[in-house]
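A.B. asks: Take a look at final-v4.cif, mmCIF, C-alpha atoms:
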data_coords
loop_
_atom_site.label_atom_id
_atom_site.label_comp_id
_atom_site.auth_asym_id
_atom_site.auth_seq_id
_atom_site.Cartn_x
_atom_site.Cartn_y
_atom_site.Cartn_z
CA MET S 269 65.95 120.38 66.83
CA SER S 270 68.90 122.77 66.58
CA ASP S 271 66.46 125.65 66.10
CA GLU S 272 64.81 124.74 69.39
CA LEU S 273 68.16 124.75 71.18
CA LEU S 274 69.14 128.07 69.65
CA GLU S 275 65.97 129.72 70.88
CA GLU S 276 66.08 128.06 74.30
CA ASP S 277 67.94 129.72 77.18
CA LEU S 278 69.65 127.57 79.82
CA ASN S 279 69.69 129.22 83.26
CA VAL S 280 72.05 127.67 85.79
CA ASP S 281 72.33 128.90 89.38
CA VAL S 282 75.96 128.58 90.52
CA ASP S 283 76.90 130.01 93.93
CA ASP S 284 74.20 132.70 93.75
CA GLU S 285 75.36 133.80 90.31
CA GLU S 286 73.08 133.30 87.36
CA VAL S 287 74.72 132.12 84.18
CA ASP S 288 72.82 132.46 80.92
CA VAL S 289 73.81 130.35 77.97
CA GLU S 290 72.21 131.59 74.78
CA GLY S 291 72.60 129.88 71.50
CA GLY S 292 74.73 131.47 68.78
CA GLU S 293 76.78 134.28 70.31
CA GLU S 294 80.56 133.75 70.28
CA ASN S 295 82.90 130.80 70.45
CA ALA S 296 85.93 130.54 72.76
CA ASP S 297 88.07 132.61 70.34
CA GLY S 298 85.66 135.53 70.38
CA GLU S 299 84.58 134.91 66.80
CA PRO S 300 80.94 134.49 65.81
CA ALA S 301 79.88 130.93 66.55
CA LYS S 302 78.73 128.63 63.82
CA GLU S 303 75.31 127.04 64.06
CA GLY S 304 76.57 123.62 65.26
CA GLU S 305 79.06 125.01 67.80
CA SER S 306 76.47 126.69 70.01
CA THR S 307 74.39 123.53 70.33
CA GLN S 308 77.52 121.53 71.13
CA ASP S 309 78.49 124.06 73.79
CA ALA S 310 75.01 123.96 75.31
CA ASP S 311 75.08 120.15 75.32
CA LYS S 312 78.50 120.17 77.00
CA LEU S 313 77.24 122.58 79.65
CA ARG S 314 74.19 120.42 80.31
CA GLU S 315 76.38 117.33 80.66
CA GLU S 316 78.72 119.18 83.01
CA LEU S 317 75.76 120.43 85.07
CA ALA S 318 74.36 116.89 85.36
CA ARG S 319 77.78 115.55 86.40
CA LEU S 320 78.22 118.28 89.03
CA GLN S 321 74.77 117.59 90.43
CA GLU S 322 75.65 113.88 90.74
CA VAL S 323 78.90 114.73 92.53
CA GLN S 324 77.09 117.13 94.86
CA GLN S 325 74.42 114.51 95.62
CA GLY S 326 77.11 111.92 96.35
CA ALA S 327 78.93 114.33 98.67
CA SER S 328 75.75 115.17 100.57
CA ASP S 329 74.94 111.45 100.87
CA GLN S 330 78.40 110.80 102.35
CA LEU S 331 77.91 113.59 104.87
CA ALA S 332 74.50 112.22 105.82
CA SER S 333 75.78 108.68 106.41
CA PRO S 334 79.17 108.51 108.13
CA GLY S 335 81.61 106.47 106.05
CA LEU S 336 84.73 107.16 108.06
CA ARG S 337 84.30 108.68 111.47
CA ALA S 338 86.96 110.46 113.50
CA SER S 339 86.88 107.63 116.03
CA GLY S 340 88.34 105.32 113.40
CA THR S 341 85.10 103.66 112.34
CA ALA S 342 84.74 102.55 108.74
CA THR S 343 81.28 101.58 107.63
CA ASN S 344 79.73 100.03 104.60
CA PRO S 345 76.72 102.34 103.99
CA ALA S 346 74.55 99.58 102.52
CA ALA S 347 75.36 97.23 105.36
CA ALA S 348 74.95 99.95 107.98
CA ALA S 349 71.46 100.65 106.65
CA ALA S 350 70.65 96.95 106.92
CA ALA S 351 71.96 96.87 110.50
CA ALA S 352 69.81 99.76 111.67
CA PRO S 353 69.52 100.48 115.40
CA THR S 354 66.30 98.42 115.47
CA GLU S 355 68.31 95.28 116.22
CA PRO S 356 68.95 94.39 119.87
CA GLN S 357 72.53 94.89 121.06
CA GLU S 358 72.86 91.16 121.83
CA VAL S 359 72.21 90.29 118.18
CA VAL S 360 74.80 92.77 116.94
CA ASP S 361 77.33 91.57 119.52
CA ALA S 362 76.74 87.93 118.50
CA ARG S 363 78.16 88.72 115.06
CA SER S 364 81.02 90.91 116.29
CA ILE S 365 84.56 90.21 117.48
CA TYR S 366 87.03 91.93 119.76
CA VAL S 367 90.51 92.41 118.30
CA GLY S 368 93.30 93.13 120.79
CA GLN S 369 96.97 94.02 120.34
CA VAL S 370 96.18 96.24 117.33
CA ASP S 371 99.13 98.36 116.24
CA TYR S 372 98.61 102.03 117.11
CA GLY S 373 99.31 103.16 113.54
CA SER S 374 96.83 100.80 111.88
CA THR S 375 93.66 102.00 110.18
CA ALA S 376 90.15 100.62 110.00
CA ALA S 377 90.64 99.91 106.28
CA GLU S 378 93.73 97.78 107.03
CA LEU S 379 91.82 95.75 109.62
CA GLN S 380 88.93 95.35 107.21
CA LYS S 381 91.32 93.99 104.61
CA HIS S 382 92.84 91.59 107.18
CA PHE S 383 89.41 90.14 108.14
CA GLN S 384 87.66 90.31 104.75
CA SER S 385 88.38 86.63 104.08
CA CYS S 386 86.13 85.73 107.03
CA GLY S 387 82.96 87.21 105.54
CA MET S 388 81.09 90.42 104.73
CA ILE S 389 82.02 93.19 107.18
CA ASN S 390 79.49 95.80 108.29
CA ARG S 391 81.78 97.95 110.44
CA VAL S 392 85.30 98.17 111.83
CA THR S 393 85.77 100.34 114.93
CA ILE S 394 89.16 101.28 116.36
CA LEU S 395 88.61 102.88 119.73
CA CYS S 396 90.50 106.10 120.45
CA ASP S 397 91.19 108.08 123.61
CA GLN S 398 88.62 110.85 123.89
CA TYR S 399 91.13 113.47 125.03
CA THR S 400 94.17 112.76 122.86
CA GLY S 401 92.50 111.05 119.91
CA HIS S 402 95.20 108.36 119.89
CA PRO S 403 94.14 104.73 119.35
CA LYS S 404 93.75 102.55 122.44
CA GLY S 405 95.18 99.44 120.75
CA PHE S 406 92.02 97.40 120.27
CA ALA S 407 89.14 97.27 117.83
CA TYR S 408 85.77 95.69 117.12
CA VAL S 409 84.73 94.11 113.82
CA GLU S 410 81.03 93.62 113.10
CA PHE S 411 80.14 91.06 110.42
CA LYS S 412 76.97 90.73 108.38
CA ASP S 413 76.24 87.26 109.78
CA SER S 414 77.32 85.33 112.86
CA SER S 415 78.90 82.48 110.87
CA SER S 416 81.71 84.87 109.90
CA VAL S 417 82.64 85.20 113.58
CA GLU S 418 83.74 81.56 113.70
CA ASN S 419 85.99 82.15 110.69
CA ALA S 420 87.43 85.26 112.33
CA LEU S 421 88.18 83.43 115.58
CA ALA S 422 90.51 81.21 113.57
CA LEU S 423 92.67 84.30 112.98
CA ASP S 424 93.57 84.47 116.69
CA GLN S 425 97.34 84.97 117.05
CA SER S 426 97.65 85.90 113.35
CA MET S 427 100.30 88.50 112.55
CA PHE S 428 99.11 92.02 111.72
CA ARG S 429 101.70 94.77 111.25
CA GLY S 430 104.28 92.69 113.09
CA ARG S 431 102.07 91.94 116.12
CA PRO S 432 100.02 88.85 116.99
CA LEU S 433 96.33 89.78 117.21
CA LYS S 434 94.11 88.60 120.04
CA VAL S 435 90.72 87.72 118.50
CA THR S 436 87.77 86.80 120.74
CA GLN S 437 83.97 86.91 120.60
CA LYS S 438 82.67 90.36 121.58
CA ARG S 439 80.85 90.30 124.89
CA THR S 440 77.68 92.25 125.58
CA ASN S 441 78.01 94.87 128.28
CA VAL S 442 75.75 94.28 131.26
CA PRO S 443 74.76 97.55 132.97
CA GLY S 444 75.90 97.72 136.57
CA HIS S 445 78.22 94.74 136.22
CA GLY S 446 81.94 95.27 136.45
CA GLY S 447 81.81 98.61 138.24
CA ARG S 448 84.38 99.70 140.76
CA GLY S 449 83.12 97.09 143.21
CA ARG S 450 83.20 96.67 147.02
CA GLY S 451 81.16 99.79 147.71
CA ARG S 452 83.49 102.26 146.06
#
Using structure tokens, write down the structure that the file contains.
C.D. replies:
Amino acid sequence: MSDELLEEDLNVDVDDEEVDVEGGEENADGEPAKEGESTQDADKLREELARLQEVQQGASDQLASPGLRASGTATNPAAAAAAAPTEPQEVVDARSIYVGQVDYGSTAAELQKHFQSCGMINRVTILCDQYTGHPKGFAYVEFKDSSSVENALALDQSMFRGRPLKVTQKRTNVPGHGGRGRGR
């Protein structure tokens, strides 16, 4: 087996540079390598290559599915895949809550921790001003099932970062309703 590794070349493409690892040249001290050292070095390089490929795959997966968006949205990738856009908005809103009086310095992760006792959370969204990027002071929490909403409604007036939260059922927007009104 060690003879096969000594004869085998390992070519690794790293940032457009080709690195050749050949068995049996020199060790780290510049001395001639012993027979066992070269196979150990090649094995270490293969392990490192596999680990780097896993890290790169994980990073590309995170970029493909947004885990933390600039708008303050934290998602659970597995739950977000389950709650694909194929569901009607009314169904998603039925298992979501509105959270008012949210401290401006709070994060989606802190809100998720506050409501995790109610049930499995799919997404926490803290709305931010589109021009300044500052939080507006309210958020939405989407749960995996609608029974968690009832548990979350019990947290109305609970203290979060020194402020009592206003927790209500999320309403579904009706297009054309609630406009400026009276012909304006």
A.B. asks: Kindly resolve the PyMOL selection byres ((chain S and resi 413-426) around 9) on the present coordinates and return the residues as a PyMOL selection string.
C.D. replies: chain S and resi 359-360+362-365+367+383+385-389+410-412+427-428+431-437
A.B. asks: Write a file of the just-selected residues containing C-alpha atoms, as a PDB file, in the coordinates of the input.
C.D. replies:
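Result written to result.pdb:
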ATOM      1  CA  VAL S 359      72.210  90.290 118.180  1.00  0.00           C
ATOM      2  CA  VAL S 360      74.800  92.770 116.940  1.00  0.00           C
ATOM      3  CA  ALA S 362      76.740  87.930 118.500  1.00  0.00           C
ATOM      4  CA  ARG S 363      78.160  88.720 115.060  1.00  0.00           C
ATOM      5  CA  SER S 364      81.020  90.910 116.290  1.00  0.00           C
ATOM      6  CA  ILE S 365      84.560  90.210 117.480  1.00  0.00           C
ATOM      7  CA  VAL S 367      90.510  92.410 118.300  1.00  0.00           C
ATOM      8  CA  PHE S 383      89.410  90.140 108.140  1.00  0.00           C
ATOM      9  CA  SER S 385      88.380  86.630 104.080  1.00  0.00           C
ATOM     10  CA  CYS S 386      86.130  85.730 107.030  1.00  0.00           C
ATOM     11  CA  GLY S 387      82.960  87.210 105.540  1.00  0.00           C
ATOM     12  CA  MET S 388      81.090  90.420 104.730  1.00  0.00           C
ATOM     13  CA  ILE S 389      82.020  93.190 107.180  1.00  0.00           C
ATOM     14  CA  GLU S 410      81.030  93.620 113.100  1.00  0.00           C
ATOM     15  CA  PHE S 411      80.140  91.060 110.420  1.00  0.00           C
ATOM     16  CA  LYS S 412      76.970  90.730 108.380  1.00  0.00           C
ATOM     17  CA  MET S 427     100.300  88.500 112.550  1.00  0.00           C
ATOM     18  CA  PHE S 428      99.110  92.020 111.720  1.00  0.00           C
ATOM     19  CA  ARG S 431     102.070  91.940 116.120  1.00  0.00           C
ATOM     20  CA  PRO S 432     100.020  88.850 116.990  1.00  0.00           C
ATOM     21  CA  LEU S 433      96.330  89.780 117.210  1.00  0.00           C
ATOM     22  CA  LYS S 434      94.110  88.600 120.040  1.00  0.00           C
ATOM     23  CA  VAL S 435      90.720  87.720 118.500  1.00  0.00           C
ATOM     24  CA  THR S 436      87.770  86.800 120.740  1.00  0.00           C
ATOM     25  CA  GLN S 437      83.970  86.910 120.600  1.00  0.00           C
TER      26      GLN S 437
END
A.B. asks: How would you write, as a PyMOL selection string, the residues chosen by the PyMOL selection byres ((chain S and resi 392-397) around 8) on this structure?
C.D. replies: chain S and resi 339-343+375-377+379-380+389-391+398-410
A.B. asks: Between atom CA of S:Asn441 and atom CA of S:Gln369, what distance in Å does the model show, to one decimal?
C.D. replies: 20.6 Å
A.B. asks: Pick from S:Leu317, S:Arg429, S:Glu358, S:Gln324: nearest to S:Ser374, with all atoms listed in the file counted?
C.D. replies: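 Result for the nearest residue to S:Ser374: S:Arg429.
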A.B. asks: Listed atoms of stretch 309-313 of chain S, axis-aligned box, 3 Å per side: centre and edge lengths to one decimal in Å, as lines of an AutoDock Vina configuration file?
C.D. replies:
center_x = 76.8
center_y = 122.1
center_z = 76.7
size_x = 9.5
size_y = 9.9
size_z = 11.9
A.B. asks: Mind pulling up the distance from atom CA of S:Gly430 to atom CA of S:His382?
C.D. replies: 12.9 Å
A.B. asks: Take atom CA of S:Arg439 and atom CA of S:Pro356 and report the distance between them in Å, one decimal.
C.D. replies: 13.5 Å
